[in-house]
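Student: Sharing a structure with you now.
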Amino acid sequence: MPDCIFCKISAGELGTEFLYEDEDLVIFKDINPKAVTHLLAVPKKHIASIAEMEDSHTHLIGKLFLACKKIADKLGLKGYNLHVNVGKEGGQEIFHIHVHLLSKFSQN
């Protein structure tokens with residue numbers, strides 16, 4: 001999707017520093033953090049919303065949540081929240097699936 005900011009970020013077009021990257025997704029710091037740790041996990045494939053998911057996306061979404069666990073472990077987070085907004089009415093502002101990883105506390 002040419003105008004999607006998360007498509008541009010995940011393609012490496014904006015020079016964003018990734019804390020995690022593989023062939024399917026990236027994780028990076030939110031530019032407007034709402035917690036001490038506030039990361040975004042974003043698939044490279046454009047899917048606008050959870051509401052638009054299909055059965056074929058099951059593996060990708062599972063991988064997205066597992067990557068959140070891996071980066072939380074790497075950062076030493078003992079507890080954290082994973083948050084997904086779905087649709088405008090659900091608070092979604094950028095229409096590309098993404099998971100917020102938030103923690104009130106820093107590592108260890």
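Going through the structure tokens in order, the chains are called A, B, and so on, while each chain numbers its residues from 1 and the ligands are numbered from 1 in the order shown.
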Got a sec: who's within 9 Å of Gly79 of chain A, counting only C-alpha atoms, leaving out chain neighbours fewer than 2 positions off, as a list of chain:residue names?
Tutor: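 Answer for this query is A:Ala72, A:Leu77, A:Asn81, A:Leu102, A:Ser103, A:Lys104, A:Phe105.
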Student: May I ask which of the residues A:His96, A:Leu101, A:His83, A:Ile61 is the closest one to Val36 of chain A, counting only C-alpha atoms?
Tutor: A:Leu101
Student: Give me, please, the distance in Å between atom CA of Asn32 of chain A and atom CA of Leu60 of chain A, quoted to one decimal.
Tutor: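 Separation of atom CA of Asn32 of chain A and atom CA of Leu60 of chain A: 25.7 Å.
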Student: Which residue out of A:Ala67, A:Met1, A:Asp73, A:Ser56 has the minimum interatomic distance to Ile27 of chain A when only C-alpha atoms are used?
Tutor: A:Ala67
Student: Please return, as a PyMOL selection string, all residues of chain A that DSSP assigns to strand (DSSP E) on the basis of the backbone.
Tutor: chain A and resi 20-21+25-29+37-43+81-83+99-103
Student: Would you mind listing what lies within 12 Å of Phe6 of chain A as a list of chain:residue names, with only C-alpha atoms counted and same-chain residues fewer than 5 positions away left out?
Tutor: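 Neighbouring residues, sequence-local ones excluded: A:Met1, A:Ala11, A:Gly12, A:Glu13, A:Leu14, A:Thr16, A:Leu25, A:Val26, A:Ile27, A:Phe28, A:Asp30, A:Leu40, A:Ala41, A:Val42, A:Pro43, A:Lys44, A:Lys45, A:His46, A:Ile47, A:Ala48, A:Glu93, A:Ile94, A:Phe95, A:His96, A:Ile97, A:His98, A:Val99.
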Student: Between atom CA of Leu19 of chain A and atom CA of Gly90 of chain A, what distance in Å does the model show, to one decimal?
Tutor: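 Interatomic distance here is 27.0 Å.
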Student: Could you give me, as a PDB file with N, CA and C atoms, in the first residue's frame, each residue of chain A that DSSP assigns to helix (DSSP H, G or I) when run on this structure's backbone?
Tutor:
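Contents of out.pdb, as written:
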```
ATOM      1  N   ILE A   5       2.158   4.271   6.220  1.00  0.00           N
ATOM      2  CA  ILE A   5       3.388   4.569   6.952  1.00  0.00           C
ATOM      3  C   ILE A   5       4.052   3.286   7.458  1.00  0.00           C
ATOM      4  N   PHE A   6       3.261   2.298   7.917  1.00  0.00           N
ATOM      5  CA  PHE A   6       3.857   1.066   8.411  1.00  0.00           C
ATOM      6  C   PHE A   6       4.428   0.212   7.287  1.00  0.00           C
ATOM      7  N   CYS A   7       3.865   0.298   6.093  1.00  0.00           N
ATOM      8  CA  CYS A   7       4.461  -0.391   4.938  1.00  0.00           C
ATOM      9  C   CYS A   7       5.822   0.221   4.628  1.00  0.00           C
ATOM     10  N   LYS A   8       5.901   1.550   4.672  1.00  0.00           N
ATOM     11  CA  LYS A   8       7.170   2.239   4.406  1.00  0.00           C
ATOM     12  C   LYS A   8       8.209   1.918   5.480  1.00  0.00           C
ATOM     13  N   ILE A   9       7.788   1.939   6.750  1.00  0.00           N
ATOM     14  CA  ILE A   9       8.717   1.629   7.843  1.00  0.00           C
ATOM     15  C   ILE A   9       9.216   0.197   7.714  1.00  0.00           C
ATOM     16  N   SER A  10       8.303  -0.755   7.538  1.00  0.00           N
ATOM     17  CA  SER A  10       8.714  -2.163   7.511  1.00  0.00           C
ATOM     18  C   SER A  10       9.558  -2.505   6.288  1.00  0.00           C
ATOM     19  N   ILE A  50      -7.452  -6.261  12.047  1.00  0.00           N
ATOM     20  CA  ILE A  50      -7.835  -7.608  12.464  1.00  0.00           C
ATOM     21  C   ILE A  50      -9.174  -7.979  11.826  1.00  0.00           C
ATOM     22  N   ALA A  51     -10.037  -6.992  11.655  1.00  0.00           N
ATOM     23  CA  ALA A  51     -11.350  -7.228  11.053  1.00  0.00           C
ATOM     24  C   ALA A  51     -11.251  -7.725   9.608  1.00  0.00           C
ATOM     25  N   GLU A  52     -10.114  -7.534   8.970  1.00  0.00           N
ATOM     26  CA  GLU A  52      -9.923  -7.958   7.581  1.00  0.00           C
ATOM     27  C   GLU A  52      -9.048  -9.205   7.454  1.00  0.00           C
ATOM     28  N   ASP A  55      -8.199 -16.692   7.124  1.00  0.00           N
ATOM     29  CA  ASP A  55      -7.558 -17.897   7.647  1.00  0.00           C
ATOM     30  C   ASP A  55      -6.103 -18.009   7.215  1.00  0.00           C
ATOM     31  N   SER A  56      -5.787 -17.515   6.025  1.00  0.00           N
ATOM     32  CA  SER A  56      -4.413 -17.605   5.513  1.00  0.00           C
ATOM     33  C   SER A  56      -3.430 -16.756   6.316  1.00  0.00           C
ATOM     34  N   HIS A  57      -3.919 -15.870   7.165  1.00  0.00           N
ATOM     35  CA  HIS A  57      -3.063 -14.993   7.978  1.00  0.00           C
ATOM     36  C   HIS A  57      -2.734 -15.588   9.340  1.00  0.00           C
ATOM     37  N   THR A  58      -3.253 -16.761   9.653  1.00  0.00           N
ATOM     38  CA  THR A  58      -3.087 -17.361  10.979  1.00  0.00           C
ATOM     39  C   THR A  58      -1.622 -17.480  11.382  1.00  0.00           C
ATOM     40  N   HIS A  59      -0.786 -18.017  10.520  1.00  0.00           N
ATOM     41  CA  HIS A  59       0.630 -18.198  10.838  1.00  0.00           C
ATOM     42  C   HIS A  59       1.317 -16.847  11.097  1.00  0.00           C
ATOM     43  N   LEU A  60       1.017 -15.867  10.269  1.00  0.00           N
ATOM     44  CA  LEU A  60       1.627 -14.545  10.413  1.00  0.00           C
ATOM     45  C   LEU A  60       1.257 -13.899  11.742  1.00  0.00           C
ATOM     46  N   ILE A  61       0.007 -13.981  12.123  1.00  0.00           N
ATOM     47  CA  ILE A  61      -0.434 -13.360  13.377  1.00  0.00           C
ATOM     48  C   ILE A  61       0.164 -14.097  14.576  1.00  0.00           C
ATOM     49  N   GLY A  62       0.250 -15.416  14.504  1.00  0.00           N
ATOM     50  CA  GLY A  62       0.913 -16.171  15.574  1.00  0.00           C
ATOM     51  C   GLY A  62       2.368 -15.774  15.707  1.00  0.00           C
ATOM     52  N   LYS A  63       3.027 -15.612  14.564  1.00  0.00           N
ATOM     53  CA  LYS A  63       4.435 -15.216  14.553  1.00  0.00           C
ATOM     54  C   LYS A  63       4.613 -13.811  15.144  1.00  0.00           C
ATOM     55  N   LEU A  64       3.650 -12.937  14.907  1.00  0.00           N
ATOM     56  CA  LEU A  64       3.688 -11.571  15.438  1.00  0.00           C
ATOM     57  C   LEU A  64       3.691 -11.589  16.966  1.00  0.00           C
ATOM     58  N   PHE A  65       2.813 -12.387  17.555  1.00  0.00           N
ATOM     59  CA  PHE A  65       2.748 -12.462  19.017  1.00  0.00           C
ATOM     60  C   PHE A  65       3.971 -13.164  19.600  1.00  0.00           C
ATOM     61  N   LEU A  66       4.477 -14.182  18.941  1.00  0.00           N
ATOM     62  CA  LEU A  66       5.681 -14.863  19.419  1.00  0.00           C
ATOM     63  C   LEU A  66       6.890 -13.922  19.375  1.00  0.00           C
ATOM     64  N   ALA A  67       6.973 -13.071  18.349  1.00  0.00           N
ATOM     65  CA  ALA A  67       8.062 -12.092  18.270  1.00  0.00           C
ATOM     66  C   ALA A  67       7.971 -11.090  19.422  1.00  0.00           C
ATOM     67  N   CYS A  68       6.753 -10.717  19.812  1.00  0.00           N
ATOM     68  CA  CYS A  68       6.586  -9.819  20.964  1.00  0.00           C
ATOM     69  C   CYS A  68       7.148 -10.477  22.223  1.00  0.00           C
ATOM     70  N   LYS A  69       6.875 -11.757  22.405  1.00  0.00           N
ATOM     71  CA  LYS A  69       7.416 -12.484  23.558  1.00  0.00           C
ATOM     72  C   LYS A  69       8.938 -12.507  23.514  1.00  0.00           C
ATOM     73  N   LYS A  70       9.496 -12.777  22.339  1.00  0.00           N
ATOM     74  CA  LYS A  70      10.948 -12.850  22.204  1.00  0.00           C
ATOM     75  C   LYS A  70      11.615 -11.521  22.545  1.00  0.00           C
ATOM     76  N   ILE A  71      11.073 -10.413  22.054  1.00  0.00           N
ATOM     77  CA  ILE A  71      11.693  -9.109  22.319  1.00  0.00           C
ATOM     78  C   ILE A  71      11.504  -8.720  23.787  1.00  0.00           C
ATOM     79  N   ALA A  72      10.360  -9.066  24.381  1.00  0.00           N
ATOM     80  CA  ALA A  72      10.153  -8.794  25.810  1.00  0.00           C
ATOM     81  C   ALA A  72      11.158  -9.578  26.648  1.00  0.00           C
ATOM     82  N   ASP A  73      11.395 -10.833  26.280  1.00  0.00           N
ATOM     83  CA  ASP A  73      12.407 -11.641  26.980  1.00  0.00           C
ATOM     84  C   ASP A  73      13.792 -11.015  26.820  1.00  0.00           C
ATOM     85  N   LYS A  74      14.106 -10.618  25.592  1.00  0.00           N
ATOM     86  CA  LYS A  74      15.419 -10.013  25.312  1.00  0.00           C
ATOM     87  C   LYS A  74      15.630  -8.738  26.136  1.00  0.00           C
ATOM     88  N   LEU A  75      14.561  -7.965  26.323  1.00  0.00           N
ATOM     89  CA  LEU A  75      14.649  -6.725  27.094  1.00  0.00           C
ATOM     90  C   LEU A  75      14.543  -6.964  28.599  1.00  0.00           C
ATOM     91  N   LYS A  88     -11.697   2.047  13.431  1.00  0.00           N
ATOM     92  CA  LYS A  88     -11.739   3.424  13.928  1.00  0.00           C
ATOM     93  C   LYS A  88     -12.456   3.500  15.277  1.00  0.00           C
ATOM     94  N   GLU A  89     -13.570   2.791  15.394  1.00  0.00           N
ATOM     95  CA  GLU A  89     -14.344   2.808  16.632  1.00  0.00           C
ATOM     96  C   GLU A  89     -13.603   2.138  17.781  1.00  0.00           C
ATOM     97  N   GLY A  90     -12.630   1.294  17.465  1.00  0.00           N
ATOM     98  CA  GLY A  90     -11.816   0.619  18.477  1.00  0.00           C
ATOM     99  C   GLY A  90     -10.526   1.353  18.777  1.00  0.00           C
TER     100      GLY A  90
END
```
